[in-house]
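Chemist: Pasting final-v8.pdb below, which is PDB, C-alpha atoms.
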```
ATOM      1  CA  MET A   1     129.364  67.820  74.418
ATOM      2  CA  LYS A   2     130.377  71.109  76.032
ATOM      3  CA  LYS A   3     128.769  72.198  79.299
ATOM      4  CA  LYS A   4     127.024  75.045  77.472
ATOM      5  CA  ASP A   5     125.555  72.627  74.923
ATOM      6  CA  ILE A   6     124.427  70.222  77.648
ATOM      7  CA  ARG A   7     122.732  73.073  79.537
ATOM      8  CA  GLN A   8     121.020  74.267  76.376
ATOM      9  CA  PHE A   9     119.850  70.732  75.573
ATOM     10  CA  ILE A  10     118.379  70.283  79.071
ATOM     11  CA  LEU A  11     116.593  73.650  78.908
ATOM     12  CA  SER A  12     115.221  72.921  75.421
ATOM     13  CA  PHE A  13     114.014  69.468  76.474
ATOM     14  CA  ALA A  14     112.401  70.915  79.622
ATOM     15  CA  LEU A  15     110.640  73.564  77.511
ATOM     16  CA  ALA A  16     109.382  70.861  75.139
ATOM     17  CA  LEU A  17     107.977  68.906  78.102
ATOM     18  CA  VAL A  18     106.243  72.016  79.444
ATOM     19  CA  ILE A  19     104.665  72.723  76.037
ATOM     20  CA  TYR A  20     103.630  69.072  75.702
ATOM     21  CA  GLY A  21     102.139  69.068  79.204
ATOM     22  CA  ALA A  22     100.191  72.266  78.505
ATOM     23  CA  PHE A  23      98.707  70.868  75.287
ATOM     24  CA  MET A  24      97.827  67.530  76.902
ATOM     25  CA  PHE A  25      96.118  69.321  79.796
ATOM     26  CA  ALA A  26      94.150  71.486  77.340
ATOM     27  CA  MET A  27      93.099  68.426  75.317
ATOM     28  CA  ASN A  28      92.114  66.291  78.319
ATOM     29  CA  SER A  29      90.171  69.132  79.954
ATOM     30  CA  GLY A  30      88.241  69.926  76.754
ATOM     31  CA  ILE A  31      89.796  73.362  76.183
ATOM     32  CA  ILE A  32      91.073  72.023  72.851
ATOM     33  CA  ASN A  33      88.417  69.847  71.196
ATOM     34  CA  SER A  34      89.037  66.782  69.020
ATOM     35  CA  TYR A  35      88.890  68.822  65.798
ATOM     36  CA  TRP A  36      91.673  71.184  66.854
ATOM     37  CA  SER A  37      93.632  68.261  68.310
ATOM     38  CA  GLY A  38      93.664  66.833  64.788
ATOM     39  CA  ILE A  39      94.864  70.174  63.396
ATOM     40  CA  LEU A  40      97.716  70.159  65.930
ATOM     41  CA  ILE A  41      98.710  66.640  64.849
ATOM     42  CA  VAL A  42      98.855  67.774  61.207
ATOM     43  CA  ALA A  43     100.840  70.857  62.289
ATOM     44  CA  CYS A  44     103.447  68.642  63.998
ATOM     45  CA  ILE A  45     103.722  66.485  60.855
ATOM     46  CA  ASN A  46     104.266  69.664  58.822
ATOM     47  CA  VAL A  47     106.974  70.756  61.280
ATOM     48  CA  VAL A  48     108.833  67.500  60.539
ATOM     49  CA  LEU A  49     108.447  68.128  56.794
ATOM     50  CA  SER A  50     109.504  71.779  56.833
ATOM     51  CA  THR A  51     112.514  71.367  59.143
ATOM     52  CA  SER A  52     113.787  68.377  57.172
ATOM     53  CA  LEU A  53     113.423  70.217  53.848
ATOM     54  CA  ASN A  54     115.234  73.206  55.359
ATOM     55  CA  LEU A  55     118.342  71.039  55.680
ATOM     56  CA  ALA A  56     118.425  70.456  51.909
ATOM     57  CA  SER A  57     116.996  73.739  50.632
ATOM     58  CA  GLY A  58     117.952  76.150  53.407
ATOM     59  CA  TYR A  59     121.306  75.031  54.770
ATOM     60  CA  LEU A  60     122.577  73.159  51.702
ATOM     61  CA  GLY A  61     121.065  75.698  49.303
ATOM     62  CA  GLN A  62     119.611  73.154  46.847
ATOM     63  CA  LEU A  63     116.073  74.146  45.823
ATOM     64  CA  THR A  64     114.108  70.890  45.489
ATOM     65  CA  LEU A  65     110.473  70.104  44.728
ATOM     66  CA  GLY A  66     110.432  66.389  45.481
ATOM     67  CA  HIS A  67     109.745  66.311  49.212
ATOM     68  CA  ALA A  68     106.156  65.107  48.780
ATOM     69  CA  GLY A  69     107.522  62.154  46.794
ATOM     70  CA  PHE A  70     109.715  61.063  49.711
ATOM     71  CA  MET A  71     106.782  61.583  52.038
ATOM     72  CA  SER A  72     104.652  59.276  49.880
ATOM     73  CA  VAL A  73     107.337  56.572  49.854
ATOM     74  CA  GLY A  74     107.485  56.643  53.656
ATOM     75  CA  ALA A  75     103.688  56.693  53.920
ATOM     76  CA  TYR A  76     103.097  53.718  51.616
ATOM     77  CA  ALA A  77     106.056  51.672  52.892
ATOM     78  CA  SER A  78     105.030  52.036  56.548
ATOM     79  CA  ALA A  79     101.339  51.477  55.768
ATOM     80  CA  LEU A  80     102.023  48.311  53.736
ATOM     81  CA  CYS A  81     104.224  46.953  56.544
ATOM     82  CA  SER A  82     101.437  47.538  59.057
ATOM     83  CA  ILE A  83      98.740  45.991  56.840
ATOM     84  CA  TYR A  84     100.500  42.980  55.291
ATOM     85  CA  LEU A  85     103.408  42.235  57.633
ATOM     86  CA  GLY A  86     101.717  43.166  60.889
ATOM     87  CA  THR A  87     104.777  45.036  62.158
ATOM     88  CA  SER A  88     104.473  47.337  65.153
ATOM     89  CA  PHE A  89     103.807  51.027  64.612
ATOM     90  CA  ILE A  90     107.341  52.165  65.522
ATOM     91  CA  VAL A  91     108.949  49.520  63.299
ATOM     92  CA  SER A  92     106.654  50.501  60.414
ATOM     93  CA  LEU A  93     107.629  54.171  60.829
ATOM     94  CA  PHE A  94     111.317  53.282  60.810
ATOM     95  CA  ILE A  95     110.966  51.082  57.709
ATOM     96  CA  GLY A  96     109.065  53.846  55.908
ATOM     97  CA  ALA A  97     111.719  56.424  56.811
ATOM     98  CA  LEU A  98     114.519  54.104  55.647
ATOM     99  CA  ALA A  99     112.696  53.416  52.368
ATOM    100  CA  ALA A 100     112.385  57.159  51.748
ATOM    101  CA  ALA A 101     116.065  57.665  52.603
ATOM    102  CA  LEU A 102     117.047  54.934  50.135
ATOM    103  CA  VAL A 103     114.958  56.528  47.378
ATOM    104  CA  GLY A 104     116.474  59.902  48.296
ATOM    105  CA  LEU A 105     119.956  58.417  47.984
ATOM    106  CA  LEU A 106     119.201  56.839  44.595
ATOM    107  CA  ILE A 107     117.684  60.081  43.279
ATOM    108  CA  GLY A 108     120.317  62.304  44.892
ATOM    109  CA  ILE A 109     123.375  60.631  43.335
ATOM    110  CA  PRO A 110     122.524  61.604  39.724
ATOM    111  CA  THR A 111     120.429  64.749  40.320
ATOM    112  CA  LEU A 112     122.647  66.660  42.765
ATOM    113  CA  ARG A 113     125.193  67.142  40.002
ATOM    114  CA  LEU A 114     122.709  69.696  38.662
ATOM    115  CA  LYS A 115     122.174  73.156  40.116
ATOM    116  CA  GLY A 116     119.513  75.839  40.366
ATOM    117  CA  ASP A 117     116.499  75.606  38.095
ATOM    118  CA  TYR A 118     117.627  72.287  36.583
ATOM    119  CA  LEU A 119     117.724  70.605  39.992
ATOM    120  CA  CYS A 120     114.302  72.047  40.856
ATOM    121  CA  ILE A 121     112.777  70.718  37.629
ATOM    122  CA  ILE A 122     114.351  67.248  37.877
ATOM    123  CA  THR A 123     113.245  66.745  41.499
ATOM    124  CA  LEU A 124     109.729  67.835  40.514
ATOM    125  CA  ALA A 125     109.841  65.233  37.717
ATOM    126  CA  PHE A 126     110.910  62.517  40.169
ATOM    127  CA  ASN A 127     108.066  63.559  42.485
ATOM    128  CA  GLU A 128     105.584  62.950  39.654
ATOM    129  CA  ILE A 129     107.274  59.654  38.693
ATOM    130  CA  ILE A 130     106.907  58.377  42.272
ATOM    131  CA  ARG A 131     103.247  59.485  42.351
ATOM    132  CA  ILE A 132     102.481  57.742  39.049
ATOM    133  CA  ILE A 133     104.166  54.546  40.259
ATOM    134  CA  MET A 134     102.007  54.604  43.402
ATOM    135  CA  LEU A 135      98.983  55.212  41.185
ATOM    136  CA  ASN A 136      99.588  52.221  38.919
ATOM    137  CA  ILE A 137     100.958  49.358  41.028
ATOM    138  CA  GLY A 138      98.378  46.931  42.393
ATOM    139  CA  ILE A 139      99.609  46.686  45.972
ATOM    140  CA  THR A 140      98.812  50.366  46.647
ATOM    141  CA  ASN A 141      95.259  49.999  45.290
ATOM    142  CA  GLY A 142      95.887  52.869  42.871
ATOM    143  CA  ALA A 143      93.485  55.788  42.696
ATOM    144  CA  LYS A 144      90.964  53.980  44.919
ATOM    145  CA  GLY A 145      93.282  54.495  47.841
ATOM    146  CA  LEU A 146      95.087  52.191  50.247
ATOM    147  CA  MET A 147      92.697  51.458  53.110
ATOM    148  CA  GLY A 148      92.804  49.438  56.308
ATOM    149  CA  ILE A 149      95.764  51.299  57.821
ATOM    150  CA  PRO A 150      95.615  51.159  61.639
ATOM    151  CA  MET A 151      95.147  54.552  63.295
ATOM    152  CA  SER A 152      98.201  54.586  65.557
ATOM    153  CA  THR A 153      99.373  58.189  65.298
ATOM    154  CA  ASN A 154      98.481  60.422  68.236
ATOM    155  CA  PHE A 155      99.595  63.801  69.525
ATOM    156  CA  THR A 156     102.294  62.348  71.792
ATOM    157  CA  ILE A 157     103.952  60.467  68.929
ATOM    158  CA  VAL A 158     103.917  63.372  66.462
ATOM    159  CA  PHE A 159     104.989  65.945  69.041
ATOM    160  CA  PHE A 160     108.087  64.034  70.090
ATOM    161  CA  SER A 161     108.788  63.064  66.468
ATOM    162  CA  ALA A 162     108.864  66.794  65.689
ATOM    163  CA  VAL A 163     111.110  67.459  68.714
ATOM    164  CA  ILE A 164     113.533  64.688  67.676
ATOM    165  CA  THR A 165     113.599  65.948  64.077
ATOM    166  CA  ILE A 166     114.361  69.513  65.183
ATOM    167  CA  TYR A 167     117.084  68.298  67.552
ATOM    168  CA  VAL A 168     118.738  66.077  64.933
ATOM    169  CA  ILE A 169     118.710  68.784  62.237
ATOM    170  CA  TYR A 170     119.993  71.368  64.741
ATOM    171  CA  SER A 171     122.781  69.021  65.874
ATOM    172  CA  ILE A 172     123.823  68.357  62.273
ATOM    173  CA  VAL A 173     123.869  72.070  61.433
ATOM    174  CA  LYS A 174     125.985  72.913  64.498
ATOM    175  CA  SER A 175     128.473  70.093  63.836
ATOM    176  CA  ARG A 176     131.481  70.175  61.491
ATOM    177  CA  HIS A 177     129.311  68.381  58.931
ATOM    178  CA  GLY A 178     126.807  71.232  59.158
ATOM    179  CA  ARG A 179     129.542  73.805  58.657
ATOM    180  CA  ALA A 180     130.650  71.928  55.553
ATOM    181  CA  ILE A 181     127.058  71.856  54.272
ATOM    182  CA  ILE A 182     126.650  75.612  54.845
ATOM    183  CA  SER A 183     129.979  76.313  53.124
ATOM    184  CA  ILE A 184     128.671  74.513  50.022
ATOM    185  CA  ARG A 185     125.650  76.810  50.019
ATOM    186  CA  GLU A 186     127.831  79.905  50.316
ATOM    187  CA  ASP A 187     130.389  78.945  47.653
ATOM    188  CA  GLU A 188     130.558  75.414  46.279
ATOM    189  CA  THR A 189     133.700  76.051  44.200
ATOM    190  CA  ALA A 190     135.596  77.486  47.165
ATOM    191  CA  SER A 191     134.482  74.517  49.297
ATOM    192  CA  GLU A 192     135.860  72.074  46.727
ATOM    193  CA  LEU A 193     139.169  73.961  46.605
ATOM    194  CA  ALA A 194     139.311  73.820  50.420
ATOM    195  CA  GLY A 195     139.127  70.022  50.233
ATOM    196  CA  ILE A 196     135.507  69.533  51.294
ATOM    197  CA  PRO A 197     133.907  66.524  49.540
ATOM    198  CA  THR A 198     130.933  68.483  48.230
ATOM    199  CA  SER A 199     129.221  65.551  46.496
ATOM    200  CA  TYR A 200     129.310  63.502  49.712
ATOM    201  CA  TYR A 201     127.788  66.255  51.842
ATOM    202  CA  LYS A 202     125.141  67.130  49.266
ATOM    203  CA  ILE A 203     124.002  63.513  49.081
ATOM    204  CA  LEU A 204     124.200  63.168  52.890
ATOM    205  CA  ALA A 205     121.977  66.210  53.509
ATOM    206  CA  PHE A 206     119.550  65.138  50.772
ATOM    207  CA  THR A 207     119.270  61.605  52.202
ATOM    208  CA  ILE A 208     118.736  62.780  55.790
ATOM    209  CA  SER A 209     116.091  65.196  54.538
ATOM    210  CA  ALA A 210     114.342  62.338  52.694
ATOM    211  CA  PHE A 211     114.538  60.127  55.819
ATOM    212  CA  PHE A 212     112.537  62.582  57.912
ATOM    213  CA  ALA A 213     110.106  63.212  55.050
ATOM    214  CA  GLY A 214     109.472  59.451  55.068
ATOM    215  CA  LEU A 215     108.952  59.579  58.837
ATOM    216  CA  ALA A 216     106.363  62.331  58.355
ATOM    217  CA  GLY A 217     104.702  60.208  55.669
ATOM    218  CA  GLY A 218     104.414  57.255  58.036
ATOM    219  CA  LEU A 219     102.886  59.454  60.731
ATOM    220  CA  TYR A 220     100.447  60.872  58.181
ATOM    221  CA  ALA A 221      99.436  57.412  56.902
ATOM    222  CA  HIS A 222      98.699  56.094  60.388
ATOM    223  CA  TYR A 223      96.646  59.178  61.224
ATOM    224  CA  ILE A 224      94.534  59.578  58.059
ATOM    225  CA  THR A 225      94.284  55.725  57.623
ATOM    226  CA  ILE A 226      93.757  56.009  53.864
ATOM    227  CA  LEU A 227      96.352  56.943  51.244
ATOM    228  CA  ILE A 228      95.527  58.433  47.835
ATOM    229  CA  PRO A 229      98.412  59.209  45.421
ATOM    230  CA  LYS A 230      96.825  62.539  44.419
ATOM    231  CA  VAL A 231      97.613  63.939  47.884
ATOM    232  CA  PHE A 232     101.360  63.719  47.159
ATOM    233  CA  ASP A 233     101.418  65.687  43.901
ATOM    234  CA  TYR A 234     103.579  68.747  43.148
ATOM    235  CA  ASN A 235     101.141  70.999  45.029
ATOM    236  CA  LYS A 236     102.143  69.270  48.267
ATOM    237  CA  SER A 237     105.839  69.803  47.503
ATOM    238  CA  VAL A 238     105.170  73.481  46.815
ATOM    239  CA  GLU A 239     103.206  73.753  50.066
ATOM    240  CA  ILE A 240     106.144  72.351  52.066
ATOM    241  CA  LEU A 241     108.629  74.581  50.238
ATOM    242  CA  VAL A 242     106.484  77.646  51.004
ATOM    243  CA  MET A 243     106.722  76.813  54.721
ATOM    244  CA  VAL A 244     110.517  76.752  54.459
ATOM    245  CA  VAL A 245     110.761  79.924  52.359
ATOM    246  CA  LEU A 246     108.254  81.840  54.481
ATOM    247  CA  GLY A 247     110.021  80.817  57.684
ATOM    248  CA  GLY A 248     113.401  81.699  56.183
ATOM    249  CA  LEU A 249     115.871  79.536  54.287
ATOM    250  CA  GLY A 250     118.410  78.310  56.813
ATOM    251  CA  ASN A 251     116.219  79.355  59.760
ATOM    252  CA  LEU A 252     115.103  76.364  61.836
ATOM    253  CA  LYS A 253     112.866  78.330  64.215
ATOM    254  CA  GLY A 254     111.260  80.069  61.250
ATOM    255  CA  SER A 255     110.414  76.707  59.641
ATOM    256  CA  VAL A 256     108.677  75.550  62.815
ATOM    257  CA  ILE A 257     106.650  78.758  63.158
ATOM    258  CA  ALA A 258     105.741  78.889  59.444
ATOM    259  CA  ALA A 259     104.631  75.230  59.447
ATOM    260  CA  ILE A 260     102.330  75.816  62.421
ATOM    261  CA  VAL A 261     100.922  79.094  61.057
ATOM    262  CA  LEU A 262     100.317  77.719  57.541
ATOM    263  CA  THR A 263      98.543  74.700  59.026
ATOM    264  CA  ILE A 264      96.276  76.622  61.385
ATOM    265  CA  LEU A 265      95.642  79.777  59.329
ATOM    266  CA  PRO A 266      93.703  78.055  56.461
ATOM    267  CA  GLU A 267      91.174  76.857  59.043
ATOM    268  CA  TYR A 268      90.307  80.494  59.690
ATOM    269  CA  LEU A 269      90.389  81.405  55.998
ATOM    270  CA  ARG A 270      88.304  78.638  54.478
ATOM    271  CA  ALA A 271      86.472  81.198  52.321
ATOM    272  CA  PHE A 272      89.754  81.780  50.476
ATOM    273  CA  SER A 273      90.736  78.099  50.168
ATOM    274  CA  ASP A 274      90.373  78.210  46.360
ATOM    275  CA  TYR A 275      93.070  80.879  46.215
ATOM    276  CA  ARG A 276      95.543  79.097  48.493
ATOM    277  CA  MET A 277      97.967  78.054  45.743
ATOM    278  CA  LEU A 278      97.827  81.565  44.260
ATOM    279  CA  LEU A 279      98.781  83.007  47.646
ATOM    280  CA  TYR A 280     101.578  80.435  47.953
ATOM    281  CA  ALA A 281     102.901  81.459  44.525
ATOM    282  CA  ILE A 282     102.866  85.142  45.506
ATOM    283  CA  VAL A 283     104.702  84.371  48.741
ATOM    284  CA  LEU A 284     107.336  82.340  46.876
ATOM    285  CA  ILE A 285     107.888  85.054  44.265
ATOM    286  CA  ALA A 286     108.161  87.765  46.929
ATOM    287  CA  ALA A 287     110.568  85.673  49.011
ATOM    288  CA  MET A 288     112.775  84.924  46.008
ATOM    289  CA  ILE A 289     112.904  88.623  45.043
ATOM    290  CA  ILE A 290     113.816  89.609  48.607
ATOM    291  CA  LYS A 291     116.493  86.928  48.732
ATOM    292  CA  GLU A 292     117.912  87.736  45.286
ATOM    293  CA  LYS A 293     118.057  91.493  45.920
ATOM    294  CA  ASN A 294     119.265  90.964  49.499
ATOM    295  CA  LEU A 295     116.506  93.260  50.747
ATOM    296  CA  MET A 296     116.015  91.640  54.163
ATOM    297  CA  PRO A 297     118.764  93.673  55.950
ATOM    298  CA  HIS A 298     117.205  96.896  54.591
ATOM    299  CA  ILE A 299     113.712  95.808  55.675
ATOM    300  CA  LYS A 300     114.975  94.975  59.181
ATOM    301  CA  GLU A 301     116.817  98.292  59.381
ATOM    302  CA  LYS A 302     113.688 100.184  58.315
ATOM    303  CA  PHE A 303     111.540  98.425  60.943
ATOM    304  CA  SER A 304     114.125  99.032  63.678
ATOM    305  CA  LYS A 305     114.274 102.762  62.801
ATOM    306  CA  LYS A 306     110.480 102.980  62.873
ATOM    307  CA  LYS A 307     110.455 101.234  66.247
ATOM    308  CA  ASP A 308     113.014 103.693  67.655
ATOM    309  CA  GLU A 309     110.974 106.640  66.339
ATOM    310  CA  ASN A 310     107.843 105.293  68.026
ATOM    311  CA  LYS A 311     109.739 104.959  71.312
ATOM    312  CA  GLU A 312     110.945 108.556  71.070
ATOM    313  CA  VAL A 313     107.396 109.770  70.422
ATOM    314  CA  ALA A 314     106.081 107.775  73.381
ATOM    315  CA  GLU A 315     108.734 109.243  75.669
TER     316      GLU A 315
END
```
Produce structure tokens that represent the structure in this file.
Modeler:
Amino acid sequence: MKKKDIRQFILSFALALVIYGAFMFAMNSGIINSYWSGILIVACINVVLSTSLNLASGYLGQLTLGHAGFMSVGAYASALCSIYLGTSFIVSLFIGALAAALVGLLIGIPTLRLKGDYLCIITLAFNEIIRIIMLNIGITNGAKGLMGIPMSTNFTIVFFSAVITIYVIYSIVKSRHGRAIISIREDETASELAGIPTSYYKILAFTISAFFAGLAGGLYAHYITILIPKVFDYNKSVEILVMVVLGGLGNLKGSVIAAIVLTILPEYLRAFSDYRMLLYAIVLIAAMIIKEKNLMPHIKEKFSKKKDENKEVAE
């Protein structure tokens, strides 16, 4: 690592510790009650989900709707290990994440040959296949829900899981592997002609993304303590994708902010909870139009001009 990278890592880690310390102080002193502590735990889980999906959809440029399926694999695998094998919490999380990565690898090999809408549809189909399997096999207890999962997830675990996920994704993106992944997003044909093994990097990014989705699933299972297949339907995949799109495809900081906002905001807008998916659809459509028409530079330019005009008026 270069000295600049080491310095940046130390500063980022120190900032994470300060944020963690502030939240722990607020929780222990009663400033943040148990209800909002639970919301923060869910927000951290969503950060893991959104940042991991950003690797596949944002940096790789492959629009997928199967992230909830990988989350469910990690959730059920880690929960079953805890219940029937009696493994420790950390080991169960790791097994769940590996199981999700394996499923991601098996799905990624045939599906990543497709592009665009076809890839989106096929990953959505696999999401539903995984959900139906979880619904119909006996060991998961089907629609009744898998119960008896130990409640091991706490704020410390999810916070540092989110920090590790962000660091790993950031490190991958800034490495030569990340540059290869981004080049595939920009122009896959040109990348192939330049000698980049596009299939390898597409499967690699997809598998890593699935690994962290499985980790988030394990954290979720050991916090909620009951798993119902319905939770991991296509609506959940859309919800995660909205976080990535709203935060900005290929924008890691944006994914973190969007995940936190979209977790906390519904608590203040419970009166509009029935219209949540409609709002998500509108956000997705608007984001796709902006991206397709390349309107973001014009929007930024307009806001900057307005800001300058306001400064001149103030002076």
Chemist: Write out as a ChimeraX atom specification the residues lying within 12 Å of Pro110 of chain A, counting all atoms listed in the file and excluding same-chain residues fewer than 3 positions away.
Modeler: /A:103-107,113-115,119,122-123,126,199,202-203,206
Chemist: Using all atoms listed in the file for the distances, tell me which of A:Tyr167, A:Tyr59, A:Phe9, A:Phe23 is nearest to Arg179 of chain A.
Modeler: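 Using all atoms listed in the file, Arg179 of chain A sits closest to A:Tyr59.
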Chemist: Suppose a student applies the PyMOL selection byres ((chain A and resi 230) around 9) to this structure; what residues should they get, written as a list in words?
Modeler: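 Residues picked by the PyMOL selection byres ((chain A and resi 230) around 9): Arg131, Leu135, Ala143, Leu227, Ile228, Pro229, Val231, Phe232 and Asp233 of chain A.
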Chemist: Counting all atoms listed in the file, figure out which residue out of A:Val173, A:Ile6, A:Leu65, A:Ile181 gets nearest to Leu124 of chain A.
Modeler: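 When distances to Leu124 of chain A are compared using all atoms listed in the file, the smallest one comes from A:Leu65.
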Chemist: For the atom pair atom CA of Val163 of chain A and atom CA of Cys44 of chain A, what is the interatomic distance in Å to one decimal place?
Modeler: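 Answer for the atom CA of Val163 of chain A to atom CA of Cys44 of chain A separation: 9.1 Å.
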Chemist: So which residues get picked by the PyMOL selection byres ((chain A and resi 207-214) around 10) here, written as a PyMOL selection string?
Modeler: chain A and resi 45-46+48-57+66-78+93-109+161-162+165+168-169+172+201-206+215-220
Chemist: I need the residue nearest Thr87 of chain A from this list: A:Ile149, A:Ile260, A:Leu241, A:Ile226. Use all atoms listed in the file for the distance.
Modeler: A:Ile149
Chemist: For a test of reading the model, state the distance in Å between atom CA of Asn127 of chain A and atom CA of Thr153 of chain A, rounded to one decimal.
Modeler: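 If I compute the distance from atom CA of Asn127 of chain A to atom CA of Thr153 of chain A, I get 25.0 Å.
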Chemist: Using atom CA of Thr263 of chain A and atom CA of Leu11 of chain A as the two end points, give the distance in Å to one decimal.
Modeler: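 Atom CA of Leu11 of chain A lies at a distance of 26.9 Å from atom CA of Thr263 of chain A.
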Chemist: For Leu252 of chain A, which of A:Val91, A:Val42, A:Val47, A:Leu60 is the closest residue, counting only C-alpha atoms?
Modeler: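 Checking each candidate against Leu252 of chain A, we get A:Val47 as the closest.
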Chemist: Ranking A:Ala79, A:Ile282, A:Ile90, A:Val261 by minimum distance to Ile139 of chain A and counting only C-alpha atoms, which one comes first?
Modeler: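 Of all the options, A:Ala79 lies closest to Ile139 of chain A.
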Chemist: Between A:Ile19, A:Ile164, A:Val238, A:Ala43, single out the one closest to Ala258 of chain A, counting all atoms listed in the file.
Modeler: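 The closest residue to Ala258 of chain A is A:Ala43.
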Chemist: Please identify all polymer residues within 12 Å of Asn28 of chain A, counting only C-alpha atoms, omitting same-chain residues fewer than 6 positions from it, and present them as a list in words.
Modeler: Gly21, Ala22, Ser34, Ser37 and Phe155 of chain A
Chemist: Could you write out as a ChimeraX atom specification the residues that the PyMOL selection byres ((chain A and resi 147) around 10) matches in the shown file?
Modeler: /A:79-80,83,140-141,144-146,148-150,221,224-228
Chemist: So for segment 38-44 of chain A, what box centre and size do we get, axis-aligned, 8 Å extra on each of the six sides, every listed atom, Å to one decimal, as AutoDock Vina command-line options?
Modeler:
```
--center_x 98.6 --center_y 68.7 --center_z 63.6 --size_x 25.8 --size_y 20.2 --size_z 20.7
```
Chemist: What would segment 176-189 of chain A look like if you wrote it out as a PDB file, in the first residue's frame, with N, CA and C atoms included, from the block I just posted?
Modeler:
```
ATOM      1  N   ARG A 176      -6.570  -3.058  -9.629  1.00  0.00           N
ATOM      2  CA  ARG A 176      -6.572  -3.321 -11.087  1.00  0.00           C
ATOM      3  C   ARG A 176      -7.781  -4.163 -11.484  1.00  0.00           C
ATOM      4  N   HIS A 177      -8.243  -5.014 -10.557  1.00  0.00           N
ATOM      5  CA  HIS A 177      -9.453  -5.795 -10.828  1.00  0.00           C
ATOM      6  C   HIS A 177     -10.661  -4.868 -10.961  1.00  0.00           C
ATOM      7  N   GLY A 178     -10.710  -3.844 -10.095  1.00  0.00           N
ATOM      8  CA  GLY A 178     -11.804  -2.882 -10.170  1.00  0.00           C
ATOM      9  C   GLY A 178     -11.781  -2.093 -11.467  1.00  0.00           C
ATOM     10  N   ARG A 179     -10.574  -1.737 -11.911  1.00  0.00           N
ATOM     11  CA  ARG A 179     -10.472  -1.000 -13.176  1.00  0.00           C
ATOM     12  C   ARG A 179     -10.941  -1.856 -14.343  1.00  0.00           C
ATOM     13  N   ALA A 180     -10.647  -3.149 -14.259  1.00  0.00           N
ATOM     14  CA  ALA A 180     -11.119  -4.072 -15.304  1.00  0.00           C
ATOM     15  C   ALA A 180     -12.642  -4.187 -15.275  1.00  0.00           C
ATOM     16  N   ILE A 181     -13.211  -4.236 -14.068  1.00  0.00           N
ATOM     17  CA  ILE A 181     -14.663  -4.329 -13.918  1.00  0.00           C
ATOM     18  C   ILE A 181     -15.341  -3.074 -14.480  1.00  0.00           C
ATOM     19  N   ILE A 182     -14.782  -1.907 -14.170  1.00  0.00           N
ATOM     20  CA  ILE A 182     -15.352  -0.645 -14.665  1.00  0.00           C
ATOM     21  C   ILE A 182     -15.229  -0.550 -16.183  1.00  0.00           C
ATOM     22  N   SER A 183     -14.114  -1.058 -16.726  1.00  0.00           N
ATOM     23  CA  SER A 183     -13.936  -1.015 -18.185  1.00  0.00           C
ATOM     24  C   SER A 183     -14.987  -1.863 -18.901  1.00  0.00           C
ATOM     25  N   ILE A 184     -15.415  -2.951 -18.262  1.00  0.00           N
ATOM     26  CA  ILE A 184     -16.472  -3.794 -18.835  1.00  0.00           C
ATOM     27  C   ILE A 184     -17.784  -3.019 -18.879  1.00  0.00           C
ATOM     28  N   ARG A 185     -18.036  -2.255 -17.827  1.00  0.00           N
ATOM     29  CA  ARG A 185     -19.256  -1.430 -17.806  1.00  0.00           C
ATOM     30  C   ARG A 185     -19.228  -0.381 -18.917  1.00  0.00           C
ATOM     31  N   GLU A 186     -18.078   0.227 -19.118  1.00  0.00           N
ATOM     32  CA  GLU A 186     -17.975   1.302 -20.112  1.00  0.00           C
ATOM     33  C   GLU A 186     -18.080   0.770 -21.537  1.00  0.00           C
ATOM     34  N   ASP A 187     -17.362  -0.318 -21.829  1.00  0.00           N
ATOM     35  CA  ASP A 187     -17.406  -0.891 -23.183  1.00  0.00           C
ATOM     36  C   ASP A 187     -16.874  -2.319 -23.121  1.00  0.00           C
ATOM     37  N   GLU A 188     -17.810  -3.269 -23.074  1.00  0.00           N
ATOM     38  CA  GLU A 188     -17.428  -4.674 -22.921  1.00  0.00           C
ATOM     39  C   GLU A 188     -16.642  -5.180 -24.126  1.00  0.00           C
ATOM     40  N   THR A 189     -17.046  -4.779 -25.332  1.00  0.00           N
ATOM     41  CA  THR A 189     -16.359  -5.232 -26.547  1.00  0.00           C
ATOM     42  C   THR A 189     -14.922  -4.740 -26.578  1.00  0.00           C
TER      43      THR A 189
END
```
